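Asker: One structure, pasted below without further comment.
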Amino acid sequence: LTGEEVVIATERVVERRPALIADTAPADCPFCPGHEADTTATIDTVNRGGTWVARAFPNRRPVLVVEEPLRASADGPFERVSGVGAHEVLVECPEHAPLHHLPLSRTADALELARRRLTDLRGDRRLRLLQWFRNHGVGAGASLHHPHAQIVGLPVVPRRAAELAHRAREHHARTGRSLLRDVLQAEERDGRRILWREGPITALCPFAPRHPFEVWLVPADPGPGLADARDDELAGLAAGLVRVARAWAAALGEVAYTAVALGAPEGQDPSGLGWHVRLAPRLVVAAGLEEATGLTVHAVPPEEAARVLRSVPLPVP
Ligand SMILES: [Zn+2]
């Protein structure tokens with residue numbers, strides 16, 4: 001009735017999430033160095049001093065797999081497409097400790113690996129939407145403590161991603177300007193929701209946050225996807241990710257959070273949505289009102305969130 005898509009990934013249920021969830025010690029952690037054989041085969045690594053500092057491999061319980069042939073079928077009003085796609089895990093550092101407790105170089109190297117994997121996956125023309133995300137903490141759905149991010153590549157552009165791209169293109173057709181850049185300029189003029197600037201990246205609390213204390217990291221002139229990030233943008237993004245997590249920790253205590261890089265679907269013209277990263281602490285559980293109305297409801301105005309986050313000593317990334 002809504003046109004919204006759902007992924008049914010039976011593998012994930014059948015195999016059952018392992019008992020070694022969340023509080024795994026380094027000795028039992030499949031993401032710690034020395035345990036490479038406990039994961040699927042390594043696709044790519046970033047190395048420093050002869051050892052890996054970031055490592056990518058296929059998700060053991062993928063929601064989608066590249067090997068599957070793409071099949072589409074209709075069944076009355078229903079449409080089905082086979083689970084073709086990519087789902088990779090990126091271990092973001094060798095240490096079994098939160099990234100924002102580690103030197104900034106760890107996050108920078110992890111993002112370098114992400115950019116390389118996204119660029120490589122672009123070669124598979126079946127993948128129409130490539131997105132990077134990180135779940136940090138049990139409350140954000142992370143199944144292991146060891147810092148890791150994920151990349152999904154989808155054979156279809158889900159409704160919400162298509163809507164984001166459509167609105168950006170429509171704005172560009174009407175005004176000749178980038179919607180994301182117009183939003184950024186309006187925020188800079190107003191200033192109340194701006195947190196800081198780090199090179200070409202501005203950190204801000206969005207005007208209509210879906211989550212309390214949500215923060216966006218917005219490049220001044222982004223390309224369509226994180227794969228297009230320039231070196232200075234990637235450096236500013238690394239600093240931003242660390243700084244936001246440290247600011248939240250100082251203001252709210254250590255929180256579970258999600259970070260997602262949103263961008264345009266593959267193969268779209270550059271007048272569409274530019275990439276940016278949205279971070280949100282997972283403080284509230286969506287419930288009936290949200291389900292009934294599609295609205296999200298919370299108690300923290302973005303101006304107040306920005307004031308609180310600015311009031312903690314600005315953490316050095
Ligand atoms: Zn570990």
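In the structure tokens, each chain is lettered A, B, ... as it comes, each chain's residues begin at 1, and ligands are numbered from 1 in order of appearance.
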With only C-alpha atoms as the counted atoms, please give the residues lying no more than 8 Å from Leu180 in chain A, apart from itself and same-chain residues fewer than 6 positions off, as a list in words.
Answerer: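 Residues meeting the cut-off are Ala168, Leu273 and Gly274 of chain A.
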Asker: Show me which residues are within 12 Å of ligand 1 counting only C-alpha atoms and all ligand atoms, and format the list as a PDB file with C-alpha atoms, in the first residue's frame.
Answerer:
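Wrote part_5.pdb, looks like this:
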```
ATOM      1  CA  LEU A  20      29.114 -14.206  21.638  1.00  0.00           C
ATOM      2  CA  ILE A  21      27.207 -10.975  21.278  1.00  0.00           C
ATOM      3  CA  ALA A  22      28.359  -7.629  22.567  1.00  0.00           C
ATOM      4  CA  ASP A  23      30.638  -8.402  25.502  1.00  0.00           C
ATOM      5  CA  THR A  24      33.102 -10.574  23.613  1.00  0.00           C
ATOM      6  CA  ALA A  25      36.643 -10.484  25.030  1.00  0.00           C
ATOM      7  CA  PRO A  26      39.495  -9.870  22.563  1.00  0.00           C
ATOM      8  CA  ALA A  27      40.559 -13.528  22.882  1.00  0.00           C
ATOM      9  CA  ASP A  28      37.186 -14.608  21.447  1.00  0.00           C
ATOM     10  CA  CYS A  29      36.639 -11.677  19.084  1.00  0.00           C
ATOM     11  CA  PRO A  30      36.590 -12.600  15.366  1.00  0.00           C
ATOM     12  CA  PHE A  31      37.465  -8.998  14.481  1.00  0.00           C
ATOM     13  CA  CYS A  32      40.677  -8.838  16.555  1.00  0.00           C
ATOM     14  CA  PRO A  33      44.071  -9.386  14.815  1.00  0.00           C
ATOM     15  CA  GLY A  34      45.040 -13.045  14.738  1.00  0.00           C
ATOM     16  CA  HIS A  35      41.425 -14.138  14.243  1.00  0.00           C
ATOM     17  CA  GLU A  36      41.236 -13.415  10.507  1.00  0.00           C
ATOM     18  CA  ASP A  38      37.221 -16.669  11.935  1.00  0.00           C
ATOM     19  CA  VAL A  91      36.740  -3.753  10.805  1.00  0.00           C
ATOM     20  CA  GLU A  92      37.797  -0.194  11.496  1.00  0.00           C
ATOM     21  CA  CYS A  93      40.823  -0.672  13.745  1.00  0.00           C
ATOM     22  CA  PRO A  94      42.920  -3.471  15.252  1.00  0.00           C
ATOM     23  CA  GLU A  95      42.128  -2.358  18.818  1.00  0.00           C
ATOM     24  CA  HIS A  96      39.187  -3.812  20.724  1.00  0.00           C
ATOM     25  CA  ALA A  97      38.141  -0.339  21.896  1.00  0.00           C
ATOM     26  CA  PRO A  98      35.764   2.403  20.722  1.00  0.00           C
ATOM     27  CA  LEU A  99      37.167   4.393  17.801  1.00  0.00           C
ATOM     28  CA  SER A 143      26.393  -7.484  17.459  1.00  0.00           C
ATOM     29  CA  LEU A 144      30.072  -7.101  18.349  1.00  0.00           C
ATOM     30  CA  HIS A 145      31.949  -4.517  20.431  1.00  0.00           C
ATOM     31  CA  HIS A 146      34.921  -4.372  18.087  1.00  0.00           C
ATOM     32  CA  PRO A 147      34.571  -1.179  15.998  1.00  0.00           C
ATOM     33  CA  HIS A 148      33.240  -1.996  12.568  1.00  0.00           C
TER      34      HIS A 148
END
```
Asker: With only C-alpha atoms as the atoms that count, which of A:Ala173, A:Ala227, A:Arg197, A:Gly137 lies nearest to Pro281 in chain A?
Answerer: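 Residue with the minimum atom-to-atom distance to Pro281 in chain A: A:Gly137.
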Asker: Taking only C-alpha atoms into account, which of A:His87, A:Arg80, A:Arg134, A:Arg246 comes nearest Ala261 in chain A?
Answerer: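 Comparing A:His87, A:Arg80, A:Arg134, A:Arg246 against Ala261 in chain A, the winner is A:Arg134.
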Asker: Pick out the residues sitting within 8 Å of Gly272 in chain A, and hand them over as a list in words; count only C-alpha atoms, and ignore anything fewer than 3 positions along from it in its own chain.
Answerer: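 So, after excluding close chain neighbours, the residues are Ala165, His166, Ala168, Arg169, His172, Ser178, Pro224, Ala264, Gln268 and Asp269 of chain A.
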Asker: Taking into account only C-alpha atoms, which residue in the set A:Ile43, A:Leu279, A:Ile201, A:Ala162 is nearest to Leu234 in chain A?
Answerer: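 Nearest to Leu234 in chain A: A:Ile201.
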Asker: Among range 78-107 of chain A, which residues carry a DSSP assignment of helix (DSSP H, G or I), reported as a list in words?
Answerer: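 Answer for range 78-107 of chain A restricted to helix (DSSP H, G or I) is Leu99, His100, His101, Leu104, Ser105, Arg106 and Thr107 of chain A.
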Asker: Quick one: of A:Asp182, A:Glu233, A:Glu254, A:Glu303, who's nearest to Glu214 in chain A, counting only C-alpha atoms?
Answerer: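 Closest residue, counting only C-alpha atoms: A:Glu303.
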Asker: May I have the residues within 8 Å of Leu204 in chain A as a ChimeraX atom specification, using only C-alpha atoms and disregarding those fewer than 4 positions away in the same chain?
Answerer: /A:187,193-196,215-218,306
Asker: So which residues touch Pro313 in chain A within 12 Å, counting only C-alpha atoms, skipping near sequence neighbours fewer than 4 positions away, as JSON, numbers by chain?
Answerer: {"A": [195, 243, 244, 246, 247, 248, 249, 250, 251, 307, 308, 309, 317]}
Asker: Once you have the residues from the selection above, write them out as a CSV table (one decimal), in the first residue's frame, restricted to all heavy atoms.
Answerer:
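Wrote it out as again.csv, contents follow:
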```csv
chain,number,residue,atom,x,y,z
A,195,LEU,N,27.7,23.4,14.9
A,195,LEU,CA,28.6,23.0,16.0
A,195,LEU,C,30.1,23.4,15.7
A,195,LEU,O,30.7,24.0,16.5
A,195,LEU,CB,28.6,21.5,16.1
A,195,LEU,CG,27.2,20.9,16.5
A,195,LEU,CD1,27.4,19.4,16.7
A,195,LEU,CD2,26.8,21.5,17.9
A,243,ARG,N,34.9,13.6,16.8
A,243,ARG,CA,34.6,14.7,17.6
A,243,ARG,C,33.1,14.6,18.1
A,243,ARG,O,32.8,14.9,19.3
A,243,ARG,CB,34.8,16.0,16.8
A,243,ARG,CG,35.1,17.2,17.6
A,243,ARG,CD,35.7,18.2,16.6
A,243,ARG,NE,35.7,19.5,17.2
A,243,ARG,CZ,36.3,20.6,16.7
A,243,ARG,NH1,36.9,20.4,15.5
A,243,ARG,NH2,36.3,21.7,17.3
A,244,VAL,N,32.2,14.2,17.2
A,244,VAL,CA,30.8,14.0,17.6
A,244,VAL,C,30.7,13.0,18.7
A,244,VAL,O,30.0,13.2,19.7
A,244,VAL,CB,29.9,13.7,16.4
A,244,VAL,CG1,28.5,13.3,16.9
A,244,VAL,CG2,29.9,14.8,15.4
A,246,ARG,N,32.9,12.0,20.8
A,246,ARG,CA,33.4,12.5,22.1
A,246,ARG,C,32.6,13.6,22.7
A,246,ARG,O,32.4,13.7,23.9
A,246,ARG,CB,34.8,13.1,21.8
A,246,ARG,CG,35.9,12.0,21.5
A,246,ARG,CD,37.3,12.5,21.4
A,246,ARG,NE,38.2,11.4,21.0
A,246,ARG,CZ,39.5,11.6,20.7
A,246,ARG,NH1,40.0,12.9,20.6
A,246,ARG,NH2,40.2,10.6,20.3
A,247,ALA,N,31.9,14.4,21.9
A,247,ALA,CA,31.0,15.5,22.4
A,247,ALA,C,29.8,14.8,23.1
A,247,ALA,O,29.4,15.2,24.1
A,247,ALA,CB,30.6,16.4,21.3
A,248,TRP,N,29.2,13.8,22.4
A,248,TRP,CA,28.1,13.1,23.0
A,248,TRP,C,28.5,12.5,24.3
A,248,TRP,O,27.8,12.6,25.3
A,248,TRP,CB,27.6,12.0,22.1
A,248,TRP,CG,26.8,12.4,20.9
A,248,TRP,CD1,26.0,13.5,20.8
A,248,TRP,CD2,26.6,11.6,19.7
A,248,TRP,NE1,25.4,13.5,19.6
A,248,TRP,CE2,25.7,12.4,18.9
A,248,TRP,CE3,27.0,10.4,19.3
A,248,TRP,CZ2,25.3,11.9,17.7
A,248,TRP,CZ3,26.6,9.9,18.1
A,248,TRP,CH2,25.7,10.7,17.3
A,249,ALA,N,29.7,11.8,24.3
A,249,ALA,CA,30.2,11.2,25.6
A,249,ALA,C,30.3,12.2,26.7
A,249,ALA,O,29.9,11.9,27.8
A,249,ALA,CB,31.5,10.4,25.3
A,250,ALA,N,30.8,13.4,26.4
A,250,ALA,CA,31.0,14.4,27.4
A,250,ALA,C,29.7,15.0,27.9
A,250,ALA,O,29.5,15.2,29.0
A,250,ALA,CB,31.9,15.5,26.8
A,251,ALA,N,28.7,15.1,27.0
A,251,ALA,CA,27.4,15.7,27.3
A,251,ALA,C,26.4,14.7,27.8
A,251,ALA,O,25.6,15.0,28.7
A,251,ALA,CB,26.8,16.4,26.1
A,307,ARG,N,23.4,23.8,21.5
A,307,ARG,CA,23.9,24.5,22.6
A,307,ARG,C,24.6,23.6,23.6
A,307,ARG,O,25.7,23.9,24.1
A,307,ARG,CB,22.8,25.3,23.3
A,307,ARG,CG,23.2,26.3,24.4
A,307,ARG,CD,22.1,26.8,25.2
A,307,ARG,NE,21.4,25.8,26.0
A,307,ARG,CZ,22.0,25.2,27.1
A,307,ARG,NH1,23.2,25.5,27.5
A,307,ARG,NH2,21.3,24.2,27.7
A,308,VAL,N,24.0,22.5,23.9
A,308,VAL,CA,24.6,21.5,24.9
A,308,VAL,C,25.9,20.9,24.3
A,308,VAL,O,26.9,20.9,25.0
A,308,VAL,CB,23.6,20.3,25.1
A,308,VAL,CG1,24.2,19.2,25.9
A,308,VAL,CG2,22.4,20.8,25.9
A,309,LEU,N,25.9,20.6,23.1
A,309,LEU,CA,27.1,20.0,22.5
A,309,LEU,C,28.3,21.0,22.4
A,309,LEU,O,29.4,20.6,22.5
A,309,LEU,CB,26.8,19.3,21.1
A,309,LEU,CG,25.9,18.1,21.2
A,309,LEU,CD1,25.6,17.6,19.8
A,309,LEU,CD2,26.5,17.0,22.0
A,317,PRO,N,39.9,16.1,18.1
A,317,PRO,CA,39.7,14.8,17.4
A,317,PRO,C,41.0,14.0,17.5
A,317,PRO,O,42.1,14.6,17.6
A,317,PRO,CB,39.3,15.1,16.0
A,317,PRO,CG,39.7,16.5,15.8
A,317,PRO,CD,39.8,17.2,17.1
```
Asker: I need the residue nearest Gly85 in chain A from this list: A:Leu154, A:Leu129, A:Arg55, A:Asp221. Use only C-alpha atoms for the distance.
Answerer: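 Among A:Leu154, A:Leu129, A:Arg55, A:Asp221, it is A:Leu154 that comes nearest to Gly85 in chain A.
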Asker: Counting only C-alpha atoms, what is within 9 Å of Leu121 in chain A, bar same-chain residues fewer than 4 positions away, as an MDAnalysis selection string?
Answerer: chainID A and resid 86 116:117 125 127 130 153
Asker: Which residues in range 133-277 of chain A does DSSP call strand (DSSP E or B)? List them as number ranges by chain.
Answerer: A: 133-136, 148-154, 194-198, 201-204, 215-219, 257-262, 276-277
Asker: Just give me the gap between CA of Ala208 in chain A and CA of Thr2 in chain A in Å, one decimal is fine.
Answerer: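 Interatomic distance here is 22.9 Å.
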Asker: Find the spatial neighbours of Tyr257 in chain A, counting only C-alpha atoms, within a cut-off of 7 Å - ignore same-chain residues fewer than 2 positions away - and output them as an MDAnalysis selection string.
Answerer: chainID A and resid 135:137 140 255 259 279:282
Asker: Would you work out the distance separating CA of Asp124 in chain A from CA of Glu170 in chain A, expressed in Å to one decimal?
Answerer: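 Computing the Euclidean distance for CA of Asp124 in chain A and CA of Glu170 in chain A yields 27.6 Å.
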Asker: Would you mind telling me which residue in A:Leu118, A:Val7, A:Ala245, A:Leu289 lies nearest to Gly225 in chain A when using only C-alpha atoms?
Answerer: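 Comparing A:Leu118, A:Val7, A:Ala245, A:Leu289 against Gly225 in chain A, the winner is A:Leu118.
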Asker: At what distance in Å, to one decimal, does CA of Ala286 in chain A lie from CA of Val300 in chain A?
Answerer: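 That distance, rounded to one decimal, is 15.2 Å.
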